[in-house]
file protein-v4.tsv (TSV, C-alpha atoms)
chain	number	residue	atom	x	y	z
A	1	MET	CA	44.65	-67.45	25.51
A	2	PHE	CA	44.87	-66.83	29.27
A	3	ARG	CA	47.30	-63.95	28.74
A	4	CYS	CA	44.91	-62.21	26.32
A	5	THR	CA	42.01	-62.59	28.72
A	6	ALA	CA	44.09	-61.36	31.64
A	7	LEU	CA	45.36	-58.38	29.64
A	8	VAL	CA	41.85	-57.41	28.60
A	9	ALA	CA	40.66	-57.73	32.20
A	10	LEU	CA	43.56	-55.64	33.48
A	11	SER	CA	43.02	-53.02	30.80
A	12	ILE	CA	39.45	-52.33	31.96
A	13	LEU	CA	40.21	-52.25	35.69
A	14	PRO	CA	41.06	-48.51	35.70
A	15	TRP	CA	37.59	-47.83	34.26
A	16	LEU	CA	36.04	-49.61	37.21
A	17	SER	CA	37.82	-47.77	40.00
A	18	PRO	CA	35.75	-45.74	42.48
A	19	SER	CA	37.72	-42.62	41.55
A	20	GLN	CA	36.15	-42.89	38.10
A	21	GLY	CA	32.61	-42.80	39.52
A	22	ALA	CA	31.93	-46.55	39.70
A	23	VAL	CA	29.82	-47.80	42.59
A	24	ALA	CA	31.78	-49.86	45.10
A	25	ALA	CA	30.45	-53.41	45.55
A	26	ILE	CA	30.75	-53.21	49.34
A	27	PRO	CA	29.54	-50.12	51.21
A	28	ALA	CA	32.16	-48.25	53.17
A	29	PRO	CA	32.15	-49.19	56.86
A	30	GLY	CA	30.42	-46.69	59.09
A	31	CYS	CA	28.46	-45.00	56.30
A	32	VAL	CA	24.90	-44.02	57.08
A	33	ASP	CA	22.28	-44.70	54.42
A	34	VAL	CA	20.99	-41.12	54.32
A	35	PHE	CA	19.27	-41.52	50.96
A	36	PRO	CA	17.63	-44.95	50.59
A	37	HIS	CA	17.12	-44.27	46.87
A	38	HIS	CA	19.20	-47.21	45.71
A	39	PRO	CA	18.01	-49.86	43.26
A	40	ILE	CA	16.99	-53.20	44.68
A	41	VAL	CA	15.48	-54.71	41.50
A	42	VAL	CA	16.45	-54.09	37.87
A	43	TYR	CA	14.46	-56.11	35.33
A	44	GLU	CA	15.13	-55.74	31.63
A	45	VAL	CA	13.48	-57.41	28.65
A	46	SER	CA	15.24	-56.60	25.40
A	47	GLY	CA	15.54	-58.09	21.95
A	48	GLY	CA	13.75	-59.01	18.77
A	49	THR	CA	10.32	-60.58	18.46
A	50	LEU	CA	8.06	-61.42	15.52
A	51	ALA	CA	6.23	-58.14	16.24
A	52	GLY	CA	9.48	-56.16	16.20
A	53	PRO	CA	12.07	-55.10	18.75
A	54	LEU	CA	11.22	-54.80	22.42
A	55	ASP	CA	13.09	-52.92	25.13
A	56	GLN	CA	11.53	-52.60	28.58
A	57	GLU	CA	13.16	-51.86	31.93
A	58	LEU	CA	11.78	-51.83	35.46
A	59	ILE	CA	13.81	-50.34	38.31
A	60	VAL	CA	12.53	-50.54	41.89
A	61	TYR	CA	14.28	-48.52	44.57
A	62	GLY	CA	14.56	-49.17	48.31
A	63	ASP	CA	12.71	-45.95	49.13
A	64	GLY	CA	9.56	-47.22	47.43
A	65	SER	CA	9.87	-45.44	44.11
A	66	ALA	CA	9.79	-47.35	40.84
A	67	ARG	CA	10.22	-46.58	37.16
A	68	LEU	CA	9.05	-48.52	34.11
A	69	SER	CA	10.41	-47.52	30.72
A	70	SER	CA	9.87	-48.97	27.28
A	71	ALA	CA	11.08	-48.27	23.79
A	72	THR	CA	9.71	-50.31	20.94
A	73	ALA	CA	9.71	-49.04	17.35
A	74	ASN	CA	13.29	-49.82	16.32
A	75	PHE	CA	14.44	-48.97	19.84
A	76	GLY	CA	13.34	-45.40	19.24
A	77	ALA	CA	10.97	-43.17	21.15
A	78	GLY	CA	9.12	-44.87	23.92
A	79	SER	CA	7.53	-44.04	27.23
A	80	SER	CA	8.45	-43.98	30.87
A	81	ARG	CA	6.33	-43.84	33.98
A	82	GLN	CA	7.24	-43.41	37.63
A	83	ALA	CA	5.25	-44.66	40.60
A	84	PHE	CA	5.60	-44.43	44.34
A	85	ILE	CA	4.76	-47.88	45.64
A	86	GLY	CA	6.06	-47.41	49.18
A	87	ASP	CA	9.04	-48.99	50.85
A	88	ALA	CA	6.91	-51.86	52.21
A	89	ALA	CA	5.84	-52.87	48.67
A	90	ALA	CA	9.43	-52.59	47.45
A	91	ALA	CA	10.58	-54.79	50.34
A	92	ALA	CA	7.76	-57.26	49.63
A	93	LEU	CA	8.89	-57.53	45.99
A	94	ILE	CA	12.51	-58.29	46.85
A	95	THR	CA	11.38	-60.71	49.59
A	96	SER	CA	9.07	-62.55	47.19
A	97	LEU	CA	11.79	-62.79	44.55
A	98	SER	CA	14.31	-63.93	47.16
A	99	GLN	CA	11.96	-66.60	48.54
A	100	ASN	CA	11.58	-67.90	44.99
A	101	GLY	CA	15.32	-68.28	44.38
A	102	ALA	CA	16.28	-64.99	42.74
A	103	PHE	CA	19.58	-64.83	44.63
A	104	GLN	CA	20.56	-68.36	43.51
A	105	LEU	CA	19.16	-68.81	39.98
A	106	CYS	CA	21.58	-69.16	37.07
A	107	ASP	CA	21.26	-68.15	33.44
A	108	LEU	CA	19.06	-70.46	31.39
A	109	SER	CA	21.16	-71.50	28.41
A	110	ASP	CA	18.20	-72.39	26.15
A	111	GLN	CA	18.15	-69.97	23.24
A	112	VAL	CA	14.85	-69.31	21.53
A	113	SER	CA	14.44	-67.39	18.30
A	114	ASP	CA	12.06	-64.45	18.23
A	115	MET	CA	12.13	-64.05	22.02
A	116	PRO	CA	13.69	-61.14	23.88
A	117	LEU	CA	16.31	-61.77	26.54
A	118	SER	CA	15.09	-61.14	30.09
A	119	THR	CA	17.67	-60.16	32.70
A	120	LEU	CA	16.99	-59.73	36.41
A	121	THR	CA	19.36	-58.14	38.90
A	122	VAL	CA	18.39	-58.28	42.57
A	123	MET	CA	20.16	-56.37	45.32
A	124	ARG	CA	19.81	-56.42	49.06
A	125	GLY	CA	20.24	-52.66	49.32
A	126	ASN	CA	22.90	-50.29	50.51
A	127	THR	CA	23.71	-52.08	53.76
A	128	ASP	CA	24.21	-55.55	52.22
A	129	SER	CA	26.50	-56.09	49.27
A	130	ARG	CA	24.61	-59.12	47.89
A	131	VAL	CA	23.88	-58.61	44.21
A	132	HIS	CA	22.89	-61.32	41.76
A	133	THR	CA	22.07	-61.21	38.04
A	134	PHE	CA	20.71	-63.93	35.78
A	135	SER	CA	19.08	-64.09	32.32
A	136	TRP	CA	16.72	-66.23	30.26
A	137	PHE	CA	14.99	-66.29	26.89
A	138	PHE	CA	12.10	-68.60	27.78
A	139	ALA	CA	11.25	-68.79	31.49
A	140	GLN	CA	10.88	-72.25	32.99
A	141	GLY	CA	10.55	-73.48	36.58
A	142	GLN	CA	11.69	-70.91	39.13
A	143	HIS	CA	12.57	-68.49	36.32
A	144	ALA	CA	8.91	-68.56	35.29
A	145	THR	CA	7.90	-67.87	38.90
A	146	ALA	CA	10.25	-64.87	39.07
A	147	GLU	CA	8.94	-63.60	35.74
A	148	GLN	CA	5.33	-63.96	36.94
A	149	ILE	CA	6.12	-62.05	40.15
A	150	LEU	CA	7.62	-59.22	38.07
A	151	GLN	CA	4.79	-59.15	35.52
A	152	THR	CA	2.20	-59.07	38.33
A	153	PHE	CA	4.13	-56.23	39.99
A	154	ILE	CA	4.15	-54.27	36.70
A	155	ALA	CA	0.44	-54.87	36.04
A	156	THR	CA	-0.45	-53.82	39.59
A	157	ASN	CA	1.72	-50.71	39.84
A	158	PHE	CA	1.75	-49.55	36.22
A	159	PRO	CA	-1.75	-50.40	34.95
A	160	GLY	CA	-2.25	-49.85	31.25
A	161	PHE	CA	1.44	-49.38	30.53
call {"tool": "encode", "arguments": {"input": "protein-v4.tsv", "output": "structure tokens"}}
result
Amino acid sequence: MFRCTALVALSILPWLSPSQGAVAAIPAPGCVDVFPHHPIVVYEVSGGTLAGPLDQELIVYGDGSARLSSATANFGAGSSRQAFIGDAAAAALITSLSQNGAFQLCDLSDQVSDMPLSTLTVMRGNTDSRVHTFSWFFAQGQHATAEQILQTFIATNFPGF
């Protein structure tokens, strides 16, 4: 079993090399962050519900821009909206998420039918290689706090979406 897993892992490594366009996990030493347009929060809610499929994604960038996109009807046509929230608001979001455990939370293993899977990826930005991703179906405890922070952010910056 270990050999199969190792072979599969080794077979995908060439696809992940920087020469193939993948983003390096650690920034190159001495590089200047000329364009601070790098994601710091990626929040996705995707899956089936009683009302039908849901696919929504929020991306917040370090330069203060943000994008919210959603596709619903059978994952077909949807809508997307961009907003400039400012770098201070973007920093406040990542700080709030961080203070509420977003860099330490693990996946919640509880599976719930008719609930979409929520996945949050938080990043410290281009000058810090800390990236953390976790998922949940039904938010509880600190996961619920993170979800509330994100939903409040969406309601504030993308009203009526």
call {"tool": "atom_distance", "arguments": {"input": "protein-v4.tsv", "atom1": "atom CA of A:Glu147", "atom2": "atom CA of A:Gln111"}}
result
16.8 Å
call {"tool": "closest_residue", "arguments": {"input": "protein-v4.tsv", "among": "A:Val131, A:Leu54, A:Ala83, A:Val42", "to": "A:Pro159", "atoms": "all atoms listed in the file"}}
result
A:Ala83
call {"tool": "atom_distance", "arguments": {"input": "protein-v4.tsv", "atom1": "atom CA of A:Thr145", "atom2": "atom CA of A:Asn100"}}
result
7.1 Å
call {"tool": "closest_residue", "arguments": {"input": "protein-v4.tsv", "among": "A:Ala102, A:Ala77, A:Ala92, A:Leu108", "to": "A:Val60", "atoms": "all atoms listed in the file"}}
result
A:Ala92
call {"tool": "atom_distance", "arguments": {"input": "protein-v4.tsv", "atom1": "atom CA of A:Arg81", "atom2": "atom CA of A:Ile154"}}
result
11.0 Å
call {"tool": "closest_residue", "arguments": {"input": "protein-v4.tsv", "among": "A:Gly48, A:Gly62, A:Pro53, A:Ile85", "to": "A:Phe158", "atoms": "only C-alpha atoms"}}
result
A:Ile85
call {"tool": "residues_around", "arguments": {"input": "protein-v4.tsv", "residues": "stretch 45-47 of chain A", "least_positions_apart": "5", "cutoff": "8 Å", "atoms": "only C-alpha atoms", "output": "PDB file with C-alpha atoms, keeping the file's coordinate frame"}}
result
ATOM      1  CA  PRO A  53      12.070 -55.100  18.750  1.00  0.00           C
ATOM      2  CA  LEU A  54      11.220 -54.800  22.420  1.00  0.00           C
ATOM      3  CA  ASP A  55      13.090 -52.920  25.130  1.00  0.00           C
ATOM      4  CA  GLN A  56      11.530 -52.600  28.580  1.00  0.00           C
ATOM      5  CA  GLU A  57      13.160 -51.860  31.930  1.00  0.00           C
ATOM      6  CA  MET A 115      12.130 -64.050  22.020  1.00  0.00           C
ATOM      7  CA  PRO A 116      13.690 -61.140  23.880  1.00  0.00           C
ATOM      8  CA  LEU A 117      16.310 -61.770  26.540  1.00  0.00           C
ATOM      9  CA  SER A 118      15.090 -61.140  30.090  1.00  0.00           C
ATOM     10  CA  THR A 119      17.670 -60.160  32.700  1.00  0.00           C
TER      11      THR A 119
END
call {"tool": "residues_around", "arguments": {"input": "protein-v4.tsv", "residues": "A:Ser80", "least_positions_apart": "3", "cutoff": "9 Å", "atoms": "only C-alpha atoms", "output": "list in words"}}
result
Arg67, Leu68, Ser69, Ser70, Ala71 and Phe161 of chain A
call {"tool": "closest_residue", "arguments": {"input": "protein-v4.tsv", "among": "A:Val122, A:Cys106, A:Val112, A:Ile94", "to": "A:Glu44", "atoms": "only C-alpha atoms"}}
result
A:Val122
call {"tool": "closest_residue", "arguments": {"input": "protein-v4.tsv", "among": "A:Phe153, A:Phe103, A:Tyr43, A:Tyr61", "to": "A:Trp136", "atoms": "only C-alpha atoms"}}
result
A:Tyr43
call {"tool": "residues_around", "arguments": {"input": "protein-v4.tsv", "residues": "A:Ile40", "least_positions_apart": "3", "cutoff": "12 Å", "atoms": "only C-alpha atoms", "output": "VMD selection string"}}
result
chain A and resid 36 to 37 43 58 to 66 87 89 to 95 97 to 98 102 to 103 120 to 133
call {"tool": "closest_residue", "arguments": {"input": "protein-v4.tsv", "among": "A:Gln151, A:Asp114, A:Ser96, A:His38", "to": "A:Leu50", "atoms": "all atoms listed in the file"}}
result
A:Asp114
